[in-house]
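Engineer: Sharing run.txt below, compact mmCIF, C-alpha atoms:
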```
# COMPACT_ATOMS: atom_id res chain seq x y z
CA MET K 724 -78.20 215.01 353.96
CA ALA K 725 -75.35 217.43 353.35
CA ARG K 726 -76.01 221.17 353.43
CA PHE K 727 -75.04 223.25 350.42
CA ILE K 728 -73.16 226.52 351.09
CA ASP K 729 -72.71 228.94 348.18
CA ILE K 730 -69.66 231.20 348.54
CA HIS K 731 -68.47 233.67 345.90
CA PRO K 732 -65.09 232.50 344.53
CA ASP K 733 -63.47 235.96 344.49
CA ASN K 734 -65.34 237.90 347.17
CA PRO K 735 -66.45 235.40 349.81
CA GLN K 736 -69.52 236.56 351.73
CA GLN K 737 -68.70 236.60 355.44
CA ARG K 738 -72.09 235.19 356.42
CA ALA K 739 -71.59 232.13 354.22
CA VAL K 740 -67.99 231.73 355.40
CA ASP K 741 -69.19 231.83 359.00
CA GLN K 742 -71.69 229.06 358.25
CA ALA K 743 -68.85 226.84 357.06
CA VAL K 744 -66.70 227.72 360.06
CA ASP K 745 -69.54 227.08 362.54
CA LEU K 746 -70.05 223.65 361.01
CA ILE K 747 -66.37 222.82 361.45
CA ARG K 748 -66.40 224.04 365.06
CA GLN K 749 -69.44 221.87 365.79
CA GLY K 750 -67.49 218.78 364.72
CA GLY K 751 -68.72 218.53 361.15
CA LEU K 752 -66.90 217.36 358.05
CA LEU K 753 -66.78 219.89 355.21
CA ALA K 754 -66.06 219.42 351.49
CA PHE K 755 -64.60 222.67 350.19
CA PRO K 756 -62.69 224.00 347.16
CA THR K 757 -58.98 224.79 347.07
CA ASP K 758 -56.54 225.80 344.34
CA SER K 759 -56.02 222.10 343.57
CA GLY K 760 -59.36 220.36 343.67
CA TYR K 761 -61.76 219.86 346.54
CA ALA K 762 -60.66 218.78 350.00
CA LEU K 763 -62.30 217.26 353.04
CA GLY K 764 -61.81 219.44 356.10
CA ALA K 765 -62.43 219.35 359.85
CA GLN K 766 -61.20 220.86 363.09
CA ILE K 767 -57.65 219.85 363.92
CA GLY K 768 -58.55 218.01 367.13
CA ASN K 769 -61.57 216.17 365.74
CA ALA K 770 -60.63 212.47 366.00
CA GLY K 771 -64.00 211.30 364.71
CA ALA K 772 -63.69 213.38 361.54
CA LEU K 773 -60.20 211.99 360.99
CA ASP K 774 -61.61 208.46 361.04
CA ARG K 775 -64.39 209.50 358.67
CA ILE K 776 -61.88 210.93 356.17
CA ARG K 777 -59.88 207.70 356.34
CA ALA K 778 -63.04 205.72 355.63
CA ILE K 779 -64.18 207.90 352.70
CA ARG K 780 -60.76 207.77 351.06
CA GLN K 781 -59.82 204.27 352.29
CA LEU K 782 -56.50 205.52 353.71
CA ASP K 783 -53.99 203.63 355.82
CA ASP K 784 -52.17 205.01 358.86
CA LYS K 785 -49.16 206.06 356.77
CA HIS K 786 -51.11 208.71 354.88
CA HIS K 787 -49.96 212.27 355.47
CA PHE K 788 -52.81 214.53 356.48
CA THR K 789 -52.40 218.21 355.70
CA LEU K 790 -52.92 221.33 357.77
CA ILE K 791 -54.15 224.21 355.62
CA CYS K 792 -52.77 227.39 357.16
CA HIS K 793 -53.70 231.03 356.62
CA ASP K 794 -50.13 232.38 356.63
CA PHE K 795 -46.54 231.64 357.64
CA SER K 796 -47.06 232.79 361.20
CA GLN K 797 -49.71 230.13 361.67
CA LEU K 798 -47.76 227.49 359.75
CA GLY K 799 -44.74 228.04 362.00
CA GLN K 800 -46.77 227.11 365.09
CA PHE K 801 -47.41 223.60 363.79
CA VAL K 802 -44.29 222.59 361.82
CA HIS K 803 -40.56 223.10 362.27
CA VAL K 804 -39.07 225.22 359.47
CA ASP K 805 -35.39 226.20 359.40
CA ASN K 806 -34.14 229.24 357.50
CA ALA K 807 -33.17 227.45 354.28
CA VAL K 808 -36.46 225.55 354.11
CA PHE K 809 -38.38 228.71 354.98
CA ARG K 810 -36.93 230.54 351.97
CA ALA K 811 -37.78 227.67 349.64
CA ILE K 812 -41.35 227.41 350.87
CA LYS K 813 -41.84 231.18 350.96
CA SER K 814 -40.93 231.46 347.28
CA ALA K 815 -43.65 228.98 346.30
CA THR K 816 -46.57 230.06 348.45
CA PRO K 817 -49.40 230.69 348.46
CA GLY K 818 -49.91 228.01 345.83
CA PRO K 819 -50.73 224.36 345.02
CA TYR K 820 -48.00 222.78 347.15
CA THR K 821 -48.05 220.52 350.18
CA PHE K 822 -44.88 220.44 352.27
CA ILE K 823 -44.04 217.46 354.49
CA LEU K 824 -42.33 218.80 357.61
CA PRO K 825 -41.52 217.75 361.18
CA ALA K 826 -44.51 218.55 363.39
CA THR K 827 -44.44 220.59 366.58
CA ARG K 828 -46.15 219.53 369.80
CA GLU K 829 -49.18 221.57 368.73
CA VAL K 830 -50.15 218.80 366.29
CA PRO K 831 -52.17 215.91 367.76
CA LYS K 832 -50.22 212.65 367.60
CA ARG K 833 -52.99 210.91 365.67
CA LEU K 834 -52.32 213.22 362.70
CA LEU K 835 -48.64 212.37 362.44
CA HIS K 836 -46.97 209.84 360.19
CA PRO K 837 -46.42 206.94 362.65
CA LYS K 838 -42.68 206.63 362.02
CA LYS K 839 -41.52 210.01 360.72
CA LYS K 840 -43.59 212.24 363.08
CA THR K 841 -44.28 214.54 360.16
CA VAL K 842 -47.39 216.24 358.82
CA GLY K 843 -48.33 218.03 355.62
CA ALA K 844 -48.74 221.81 355.64
CA ARG K 845 -49.75 224.27 352.99
CA ILE K 846 -50.98 227.80 352.26
CA PRO K 847 -53.33 227.65 349.27
CA ASP K 848 -53.96 230.39 346.73
CA HIS K 849 -57.75 230.33 346.88
CA ALA K 850 -59.91 233.14 348.29
CA VAL K 851 -62.59 230.88 349.76
CA THR K 852 -60.12 228.54 351.46
CA GLN K 853 -58.24 231.52 352.87
CA ALA K 854 -61.44 233.12 354.14
CA ILE K 855 -62.54 229.95 355.92
CA VAL K 856 -59.21 229.27 357.62
CA ALA K 857 -58.85 232.94 358.61
CA ALA K 858 -62.29 232.98 360.21
CA LEU K 859 -61.63 229.65 361.96
CA GLY K 860 -58.49 231.08 363.54
CA GLU K 861 -56.53 227.83 363.31
CA PRO K 862 -55.42 225.43 360.57
CA ILE K 863 -57.96 223.13 358.98
CA LEU K 864 -57.23 219.40 359.10
CA THR K 865 -57.59 218.31 355.47
CA SER K 866 -57.12 215.60 352.89
CA THR K 867 -57.57 216.07 349.15
CA LEU K 868 -60.93 214.69 348.00
CA ILE K 869 -59.65 211.89 345.78
CA LEU K 870 -61.98 208.90 345.96
CA PRO K 871 -60.68 205.31 345.92
CA GLY K 872 -59.68 204.24 342.42
CA GLN K 873 -59.40 207.84 341.17
CA ASP K 874 -56.26 209.81 340.28
CA GLU K 875 -57.64 213.35 340.41
CA ALA K 876 -59.46 215.39 343.01
CA MET K 877 -63.19 215.96 342.71
CA VAL K 878 -64.04 219.41 341.34
CA ASP K 879 -67.83 219.81 341.09
CA ALA K 880 -69.87 220.61 344.18
CA TRP K 881 -73.11 219.01 342.97
CA THR K 882 -71.35 215.76 342.08
CA ILE K 883 -69.69 215.74 345.50
CA LYS K 884 -73.05 216.27 347.23
CA GLU K 885 -74.61 213.43 345.27
CA THR K 886 -71.68 211.13 346.01
CA LEU K 887 -71.07 212.01 349.67
CA ASP K 888 -74.51 213.24 350.71
CA HIS K 889 -74.53 211.07 353.84
CA ASP K 890 -70.78 211.23 354.52
CA VAL K 891 -70.23 214.97 355.02
CA GLU K 892 -72.23 217.69 356.78
CA ALA K 893 -71.84 220.33 354.06
CA VAL K 894 -70.41 221.06 350.62
CA VAL K 895 -69.14 224.52 349.69
CA ASP K 896 -69.87 225.60 346.12
CA SER K 897 -67.64 228.26 344.59
CA GLY K 898 -67.58 227.04 340.99
CA GLU K 899 -65.32 224.41 339.51
CA VAL K 900 -61.65 224.23 340.40
CA SER K 901 -58.54 222.60 338.96
CA PRO K 902 -58.57 218.79 339.29
CA SER K 903 -54.79 218.56 339.66
CA PRO K 904 -53.72 217.73 343.22
CA THR K 905 -50.94 219.61 344.96
CA THR K 906 -47.28 219.00 344.29
CA VAL K 907 -45.95 217.32 347.44
CA VAL K 908 -42.44 218.23 348.62
CA ASP K 909 -40.85 216.35 351.52
CA PHE K 910 -38.48 218.47 353.65
CA LEU K 911 -37.97 215.97 356.48
CA ASP K 912 -34.17 215.98 356.08
CA GLY K 913 -33.95 219.66 355.14
CA VAL K 914 -33.55 218.84 351.44
CA ALA K 915 -36.43 218.96 348.98
CA GLU K 916 -37.67 215.59 347.72
CA ILE K 917 -40.55 215.61 345.23
CA VAL K 918 -43.01 212.99 346.45
CA ARG K 919 -45.76 213.79 343.96
CA GLU K 920 -45.81 216.02 340.90
CA GLY K 921 -49.08 217.91 340.75
CA ALA K 922 -50.31 221.40 339.95
CA GLY K 923 -47.26 223.21 341.31
CA ASP K 924 -44.09 223.78 339.30
CA THR K 925 -41.35 221.46 340.63
CA SER K 926 -38.38 223.39 339.19
CA PRO K 927 -37.78 225.50 342.35
CA PHE K 928 -37.20 222.26 344.27
CA ALA K 929 -35.21 220.31 341.68
```
Mind turning the file's structure into structure tokens?

Structural biologist:
Amino acid sequence: MARFIDIHPDNPQQRAVDQAVDLIRQGGLLAFPTDSGYALGAQIGNAGALDRIRAIRQLDDKHHFTLICHDFSQLGQFVHVDNAVFRAIKSATPGPYTFILPATREVPKRLLHPKKKTVGARIPDHAVTQAIVAALGEPILTSTLILPGQDEAMVDAWTIKETLDHDVEAVVDSGEVSPSPTTVVDFLDGVAEIVREGAGDTSPFA
């Protein structure tokens, strides 16, 4: 059965944050809130958790996984960002955006799109997410918690626990969040291409 971890949405308690981080470090799969619905998260090198996320969401190998980063310094270690792209991303973060970018060698090959060698990266505007990734000290491997046949992310911790009680090790509860998924912007060729319109305003990338 999944553990339940209560974390204050505005002032995350360090003890509770550390519980979530310890679970990730021990190889667990965590359901946690972001600024655009809940996400499934694990340690970046955890191959087993990656397979579990694929199974829960019924994803193929062309799905872009996302690295949630604490700040631009961390993001720059895992994706290649030139000056023009940096300015565009900087103006929109933190926020509900996922950016598809060429990955650096720091990213395990199994996380990459098989043909494009890209990965998603984002810096969310959510205190709990930020606290967890900061305490972890590295990006969290994530995928938005959208179940097969659904169009929106799950938003209620108790519903998630009931649904995925035997599929995840813990669920973080910080109150309900927006069900709208992130806006996805592909920067593979250095020019913004809107892949999915979500919670983030697309006008800066039009």

Engineer: Could you please determine the separation between atom CA of Val856 of chain K and atom CA of Phe822 of chain K in Å, to one decimal place?

Structural biologist: 17.7 Å

Engineer: For the point (-58.0, 220.4, 350.5) in the file's frame, write as a PyMOL selection string all residues with an atom no more than 6 Å away, counting all atoms listed in the file.

Structural biologist: chain K and resi 757+761-763+865-867

Engineer: Would you work out the distance separating atom CA of Gly913 of chain K from atom CA of Asp848 of chain K, expressed in Å to one decimal?

Structural biologist: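 Taking atom CA of Gly913 of chain K and atom CA of Asp848 of chain K, their separation equals 24.2 Å.
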
Engineer: Using atom CA of Thr886 of chain K and atom CA of Arg780 of chain K as the two end points, give the distance in Å to one decimal.

Structural biologist: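 Computed distance, atom CA of Thr886 of chain K to atom CA of Arg780 of chain K, equals 12.5 Å.
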
Engineer: Quick one: residues within 10 Å of Ala854 of chain K, only C-alpha atoms counted, chain neighbours fewer than 5 positions away excluded, as a PyMOL selection string?

Structural biologist: chain K and resi 734-737+740-741+744+793+849+859

Engineer: Taking all atoms listed in the file into account, which of K:Arg833, K:Val907, K:Val891, K:Lys813 comes nearest Phe795 of chain K?

Structural biologist: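 Of all the options, K:Lys813 lies closest to Phe795 of chain K.
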
Engineer: List as a CSV table (one decimal) with C-alpha atoms, keeping the file's coordinate frame the protein and nucleic acid residues near Gly923 of chain K, meaning an atom at most 10 Å away when all atoms listed in the file are counted, but skip any in the same chain fewer than 6 places from it.

Structural biologist:
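Result written to around_14.csv:
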```csv
chain,number,residue,atom,x,y,z
K,759,SER,CA,-56.0,222.1,343.6
K,815,ALA,CA,-43.6,229.0,346.3
K,816,THR,CA,-46.6,230.1,348.4
K,818,GLY,CA,-49.9,228.0,345.8
K,819,PRO,CA,-50.7,224.4,345.0
K,820,TYR,CA,-48.0,222.8,347.2
K,821,THR,CA,-48.0,220.5,350.2
K,903,SER,CA,-54.8,218.6,339.7
K,904,PRO,CA,-53.7,217.7,343.2
K,905,THR,CA,-50.9,219.6,345.0
K,906,THR,CA,-47.3,219.0,344.3
K,907,VAL,CA,-46.0,217.3,347.4
```

Engineer: Rank nothing, just name the residue among K:Leu870, K:Ala807, K:Ala929, K:Ala880 nearest to Asp896 of chain K, using all atoms listed in the file.

Structural biologist: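 So, comparing all the options, the nearest one is K:Ala880.
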